[in-house]
>>> print(open('data-v6.tsv').read())   # TSV, C-alpha atoms
chain	number	residue	atom	x	y	z
A	84	MET	CA	200.94	108.26	197.11
A	85	PHE	CA	199.66	108.77	200.68
A	86	ASN	CA	199.42	105.52	202.62
A	87	PHE	CA	197.10	105.79	205.62
A	88	ALA	CA	198.39	102.56	207.19
A	89	GLU	CA	201.96	103.76	206.92
A	90	TYR	CA	201.00	107.13	208.39
A	91	LEU	CA	199.47	105.48	211.47
A	92	THR	CA	202.33	103.04	212.06
A	93	MET	CA	204.94	105.76	211.57
A	94	ASN	CA	203.20	107.78	214.29
A	95	GLY	CA	203.11	105.06	216.91
A	96	ILE	CA	200.04	102.95	216.15
A	97	PRO	CA	201.12	99.26	216.13
A	98	GLU	CA	200.65	97.68	212.72
A	99	GLU	CA	199.05	94.61	214.28
A	100	THR	CA	196.45	96.74	216.10
A	101	PHE	CA	195.52	98.49	212.85
A	102	TYR	CA	195.28	95.16	211.02
A	103	LEU	CA	193.16	93.41	213.67
A	104	LEU	CA	190.65	96.28	213.57
A	105	LEU	CA	190.75	96.39	209.78
A	106	VAL	CA	190.13	92.65	209.36
A	107	LEU	CA	187.08	92.59	211.66
A	108	PRO	CA	184.57	93.49	208.87
A	109	PHE	CA	185.81	90.46	206.92
A	110	VAL	CA	185.50	88.18	209.94
A	111	VAL	CA	181.90	89.18	210.66
A	112	LEU	CA	181.19	88.79	206.93
A	113	VAL	CA	182.41	85.17	207.16
A	114	ILE	CA	180.14	84.54	210.16
A	115	THR	CA	177.13	86.12	208.44
A	116	PHE	CA	177.83	84.25	205.18
A	117	PHE	CA	177.94	80.88	206.93
A	118	ARG	CA	174.72	81.57	208.81
A	119	TYR	CA	172.51	82.84	205.98
A	120	ILE	CA	174.09	81.31	202.86
A	121	ILE	CA	175.68	78.06	204.05
A	122	GLY	CA	173.34	77.36	206.97
A	123	LEU	CA	175.90	76.91	209.77
A	124	LYS	CA	174.72	78.61	212.94
A	125	SER	CA	176.57	79.99	215.94
A	126	PHE	CA	175.43	81.20	219.35
A	127	SER	CA	175.69	84.75	218.04
A	128	ILE	CA	178.24	86.82	216.10
A	129	TYR	CA	180.22	87.44	219.28
A	130	GLU	CA	181.27	83.86	220.13
A	131	PRO	CA	182.96	82.79	216.85
A	132	LEU	CA	184.42	86.29	216.50
A	133	ILE	CA	186.02	86.36	219.93
A	134	ILE	CA	187.22	82.74	219.74
A	135	ALA	CA	188.88	83.49	216.38
A	136	TYR	CA	190.72	86.45	217.90
A	137	ALA	CA	191.60	84.39	221.00
A	138	LEU	CA	193.21	81.74	218.77
A	139	TYR	CA	195.12	84.50	216.96
A	140	PHE	CA	196.42	85.83	220.29
A	141	ILE	CA	197.52	82.31	221.20
A	142	SER	CA	199.51	82.33	217.96
A	143	PRO	CA	199.35	84.31	214.69
A	144	ASN	CA	200.37	81.07	212.98
A	145	PHE	CA	197.21	79.14	212.07
A	146	LEU	CA	198.43	75.59	212.76
A	147	THR	CA	200.24	76.59	215.95
A	148	GLY	CA	197.15	78.38	217.25
A	149	LEU	CA	195.03	75.29	216.64
A	150	LYS	CA	197.67	73.01	218.16
A	151	PHE	CA	197.69	74.89	221.46
A	152	GLY	CA	194.18	76.35	221.40
A	153	ILE	CA	192.06	73.26	220.71
A	154	PRO	CA	193.20	71.37	223.87
A	155	PHE	CA	192.02	74.30	226.01
A	156	ILE	CA	188.74	74.60	224.11
A	157	PHE	CA	188.07	70.86	224.45
A	158	SER	CA	188.94	70.87	228.17
A	159	ILE	CA	186.62	73.80	228.85
A	160	TRP	CA	183.83	72.26	226.79
A	161	LEU	CA	184.24	69.05	228.82
A	162	VAL	CA	183.81	71.02	232.04
A	163	GLY	CA	180.60	72.58	230.75
A	164	GLU	CA	179.25	69.23	229.57
A	165	VAL	CA	179.97	67.31	232.78
A	166	LEU	CA	178.86	70.04	235.19
A	167	GLY	CA	175.83	70.81	233.04
A	168	ARG	CA	174.61	67.26	233.56
A	169	ILE	CA	175.45	67.31	237.27
A	170	PHE	CA	173.54	70.54	237.93
A	171	LYS	CA	170.70	69.87	235.48
A	172	ASN	CA	168.10	69.28	238.22
A	173	SER	CA	169.84	71.05	241.07
A	174	ARG	CA	167.41	73.99	241.30
A	175	MET	CA	170.37	76.29	241.91
A	176	HIS	CA	170.47	79.89	240.72
A	177	HIS	CA	171.73	80.21	237.14
A	178	PHE	CA	174.57	82.61	238.05
A	179	SER	CA	175.77	80.24	240.77
A	180	ILE	CA	175.99	77.35	238.28
A	181	ILE	CA	177.83	79.52	235.74
A	182	SER	CA	180.23	80.73	238.44
A	183	ILE	CA	181.04	77.15	239.47
A	184	LYS	CA	181.60	76.15	235.83
A	185	LEU	CA	183.93	79.10	235.20
A	186	SER	CA	185.84	78.44	238.42
A	187	VAL	CA	186.32	74.73	237.61
A	188	ALA	CA	187.33	75.61	234.03
A	189	SER	CA	189.92	78.04	235.36
A	190	ILE	CA	191.37	75.38	237.67
A	191	LEU	CA	191.40	72.87	234.80
A	192	VAL	CA	193.30	75.31	232.57
A	193	ILE	CA	195.90	75.66	235.33
A	194	GLY	CA	196.05	71.86	235.36
A	195	VAL	CA	196.69	71.79	231.60
A	196	LEU	CA	199.48	74.34	232.03
A	197	ALA	CA	200.94	72.27	234.89
A	198	ALA	CA	200.88	69.19	232.66
A	199	ALA	CA	202.65	71.20	229.95
A	200	VAL	CA	205.39	72.10	232.45
A	201	PHE	CA	205.70	68.47	233.58
A	202	PHE	CA	206.00	67.14	230.02
A	203	GLY	CA	208.21	70.01	228.84
A	204	ARG	CA	205.75	71.37	226.28
A	205	THR	CA	207.30	74.82	226.13
A	206	GLY	CA	204.90	76.05	223.45
A	207	PHE	CA	202.23	76.47	226.12
A	208	PHE	CA	204.46	78.81	228.15
A	209	THR	CA	204.04	81.75	225.76
A	210	ILE	CA	200.23	81.76	225.87
A	211	GLY	CA	198.91	84.85	227.60
A	212	ALA	CA	196.08	84.89	230.13
A	213	LEU	CA	193.69	86.96	227.97
A	214	PRO	CA	192.93	84.38	225.24
A	215	LEU	CA	192.49	81.68	227.88
A	216	LEU	CA	190.07	83.88	229.84
A	217	ILE	CA	188.15	84.60	226.63
A	218	ILE	CA	187.78	80.89	225.89
A	219	ILE	CA	186.73	80.14	229.48
A	220	THR	CA	183.97	82.77	229.40
A	221	MET	CA	182.43	81.08	226.35
A	222	LEU	CA	181.03	78.57	228.84
A	223	GLU	CA	178.27	81.04	229.68
A	224	ALA	CA	176.85	81.06	226.15
A	225	VAL	CA	176.91	77.25	226.05
A	226	SER	CA	175.26	77.01	229.47
A	227	VAL	CA	172.45	79.41	228.54
A	228	PHE	CA	171.70	77.39	225.41
A	229	GLN	CA	171.83	74.12	227.38
A	230	VAL	CA	169.06	75.43	229.63
A	231	ARG	CA	166.92	76.55	226.68
A	232	LYS	CA	167.43	73.73	224.18
A	233	GLY	CA	169.13	70.84	225.97
A	234	ASN	CA	172.64	69.36	225.88
A	235	PHE	CA	172.46	67.82	222.40
A	236	GLN	CA	171.40	71.01	220.65
A	237	ALA	CA	173.93	73.01	222.66
A	238	ASN	CA	176.74	70.62	221.68
A	239	MET	CA	175.76	70.75	218.00
A	240	LEU	CA	175.75	74.54	218.09
A	241	THR	CA	179.10	74.51	219.90
A	242	VAL	CA	180.64	72.44	217.10
A	243	GLU	CA	179.23	74.76	214.43
A	244	THR	CA	180.38	77.84	216.35
A	245	LEU	CA	183.88	76.39	216.69
A	246	LEU	CA	184.02	75.51	212.99
A	247	ILE	CA	183.07	79.06	212.00
A	248	ALA	CA	185.60	80.42	214.53
A	249	VAL	CA	188.40	78.29	213.03
A	250	ILE	CA	187.55	79.48	209.50
A	251	SER	CA	187.49	83.07	210.77
A	252	TYR	CA	190.84	82.49	212.46
A	253	ALA	CA	192.22	81.22	209.14
A	254	VAL	CA	191.22	84.54	207.57
A	255	ILE	CA	192.81	86.60	210.36
A	256	SER	CA	196.05	84.60	210.39
A	257	ALA	CA	196.57	84.58	206.59
A	258	HIS	CA	199.74	86.62	206.08
A	259	TRP	CA	199.04	87.19	202.38
A	260	PHE	CA	195.66	88.66	203.30
A	261	MET	CA	197.28	90.81	205.99
A	262	ASN	CA	199.71	92.25	203.43
A	263	ILE	CA	196.93	93.00	200.94
A	264	LEU	CA	194.73	94.61	203.60
A	265	LEU	CA	197.52	96.81	204.94
A	266	ASP	CA	198.44	97.95	201.42
A	267	TYR	CA	194.85	98.42	200.26
A	268	TYR	CA	193.10	99.24	203.54
A	269	TYR	CA	190.10	100.77	201.76
A	270	ILE	CA	188.89	97.30	200.69
A	271	ALA	CA	187.65	96.94	204.28
A	272	LEU	CA	184.55	98.77	202.97
A	273	ILE	CA	183.68	95.84	200.68
A	274	PRO	CA	182.22	93.65	203.48
A	275	LEU	CA	179.69	96.41	204.24
A	276	PHE	CA	178.22	96.05	200.75
A	277	LEU	CA	178.40	92.24	200.80
A	278	ASN	CA	176.70	92.11	204.21
A	279	TYR	CA	173.94	94.31	202.81
A	280	LEU	CA	173.41	91.83	199.95
A	281	ILE	CA	173.37	88.89	202.37
A	282	GLY	CA	170.87	90.77	204.53
A	283	LYS	CA	168.53	90.99	201.53
A	284	TYR	CA	168.95	87.32	200.55
A	285	ALA	CA	165.75	85.34	201.06
A	286	GLY	CA	166.56	82.09	199.25
A	287	LEU	CA	167.37	78.62	200.58
A	288	LYS	CA	170.59	78.01	202.45
A	289	LEU	CA	173.08	75.47	201.08
A	290	SER	CA	172.31	73.11	203.99
A	291	GLU	CA	168.61	73.32	203.13
A	292	LEU	CA	169.29	72.59	199.45
A	293	VAL	CA	171.18	69.46	200.51
A	294	ARG	CA	168.49	68.44	203.01
A	295	PHE	CA	165.59	68.93	200.60
A	296	ARG	CA	167.36	67.88	197.40
A	297	ASN	CA	165.01	64.93	196.80
A	298	ILE	CA	161.90	67.08	197.17
A	299	LEU	CA	163.38	69.72	194.87
A	300	LYS	CA	164.21	67.05	192.26
A	301	ASN	CA	160.63	65.80	192.30
A	302	ASP	CA	159.33	69.32	191.79
>>> encode(input="data-v6.tsv", output="structure tokens")
Amino acid sequence: MFNFAEYLTMNGIPEETFYLLLVLPFVVLVITFFRYIIGLKSFSIYEPLIIAYALYFISPNFLTGLKFGIPFIFSIWLVGEVLGRIFKNSRMHHFSIISIKLSVASILVIGVLAAAVFFGRTGFFTIGALPLLIIITMLEAVSVFQVRKGNFQANMLTVETLLIAVISYAVISAHWFMNILLDYYYIALIPLFLNYLIGKYAGLKLSELVRFRNILKND
């Protein structure tokens, strides 16, 4: 039987490239499901999606990716939080503030890498620049939301975005799922149908059912 995945890989397309494109519909399905069914929000689809892939590029192993990815994410979030408060009433141009945040975050990441060298944490040495740059640029989304809604709301949304990203990363890094998807690549069409159903859903989210459970009981 003709295997499309095998055909591509035999003709020079890396298997990992094919898989990472093939798994994307499932990742965006997870993000959509959590927003409209569970009630967990993110800044947009882009942020949890790109963070999930960044963690995968740090390491295809789920626990290893979290082990080395979370310290960078926390450090960069800390930069955004501290500088956001410092520049809150500065009357500076928005792009200038974002540029300063990104620059400081970049320097801090270098500091984390320097600390890894000093303490002999060799696991950090294999991390490429691209996933680190992706994580650093997430500061812009946080900063925009800080201006619109304030620090507390921005931090809450950051936590929810990160949670969805970690769950999405778990999907991407699951080797059993990778094997199934490469063997039965046509199941990548299933999320299209499921996303259509979610798009038509107009009921209460799970978080709303929990929040309003007492009112619903009385009714």
>>> atom_distance(input="data-v6.tsv", atom1="CA of Leu289 in chain A", atom2="CA of Phe109 in chain A")
20.5 Å
>>> residues_around(input="data-v6.tsv", residues="Ile159 in chain A", least_positions_apart="5", cutoff="8 Å", atoms="only C-alpha atoms", output="list in words")
Ala188, Leu191, Val192, Ile218, Ile219 and Leu222 of chain A
>>> closest_atom_pairs(input="data-v6.tsv", of="range 191-226 of chain A", to="range 244-260 of chain A", cutoff="12 Å", atoms="only C-alpha atoms", output="tab-separated table")
residue	atom	partner	partner_atom	distance
A:Ile218	CA	A:Leu245	CA	11.0
A:Met221	CA	A:Thr244	CA	10.7
A:Ala224	CA	A:Thr244	CA	10.9
A:Val225	CA	A:Thr244	CA	10.3
>>> closest_residue(input="data-v6.tsv", among="A:Leu216, A:Val200, A:Val227, A:Ile281", to="Phe178 in chain A", atoms="all atoms listed in the file")
A:Val227
>>> closest_residue(input="data-v6.tsv", among="A:Ile141, A:Leu275, A:Ile153, A:Met175", to="Phe208 in chain A", atoms="only C-alpha atoms")
A:Ile141
>>> closest_residue(input="data-v6.tsv", among="A:Arg118, A:Lys150, A:Lys288, A:Lys171", to="Gly233 in chain A", atoms="all atoms listed in the file")
A:Lys171
>>> residues_around(input="data-v6.tsv", residues="Ile217 in chain A", least_positions_apart="3", cutoff="8 Å", atoms="only C-alpha atoms", output="list in words")
Ile133, Ile134, Ala137, Leu213, Pro214, Thr220 and Met221 of chain A
>>> closest_residue(input="data-v6.tsv", among="A:Ile156, A:Ile273, A:Ile181, A:Leu166", to="Val195 in chain A", atoms="all atoms listed in the file")
A:Ile156
>>> axis_aligned_box(input="data-v6.tsv", around="range 200-207 of chain A", padding_each_side="8 Å", output="lines of an AutoDock Vina configuration file")
center_x = 205.2
center_y = 71.8
center_z = 228.5
size_x = 22.0
size_y = 25.3
size_z = 26.1
>>> atom_distance(input="data-v6.tsv", atom1="CA of Val111 in chain A", atom2="CA of Ser142 in chain A")
20.3 Å
>>> residues_around(input="data-v6.tsv", residues="Asn278 in chain A", least_positions_apart="6", cutoff="12 Å", atoms="all atoms listed in the file", output="PDB file with C-alpha atoms, keeping the file's coordinate frame")
ATOM      1  CA  PRO A 108     184.570  93.490 208.870  1.00  0.00           C
ATOM      2  CA  PHE A 109     185.810  90.460 206.920  1.00  0.00           C
ATOM      3  CA  VAL A 110     185.500  88.180 209.940  1.00  0.00           C
ATOM      4  CA  VAL A 111     181.900  89.180 210.660  1.00  0.00           C
ATOM      5  CA  LEU A 112     181.190  88.790 206.930  1.00  0.00           C
ATOM      6  CA  VAL A 113     182.410  85.170 207.160  1.00  0.00           C
ATOM      7  CA  ILE A 114     180.140  84.540 210.160  1.00  0.00           C
ATOM      8  CA  THR A 115     177.130  86.120 208.440  1.00  0.00           C
ATOM      9  CA  PHE A 116     177.830  84.250 205.180  1.00  0.00           C
ATOM     10  CA  PHE A 117     177.940  80.880 206.930  1.00  0.00           C
ATOM     11  CA  ARG A 118     174.720  81.570 208.810  1.00  0.00           C
ATOM     12  CA  TYR A 119     172.510  82.840 205.980  1.00  0.00           C
ATOM     13  CA  ILE A 120     174.090  81.310 202.860  1.00  0.00           C
ATOM     14  CA  ALA A 271     187.650  96.940 204.280  1.00  0.00           C
ATOM     15  CA  LEU A 272     184.550  98.770 202.970  1.00  0.00           C
ATOM     16  CA  TYR A 284     168.950  87.320 200.550  1.00  0.00           C
TER      17      TYR A 284
END
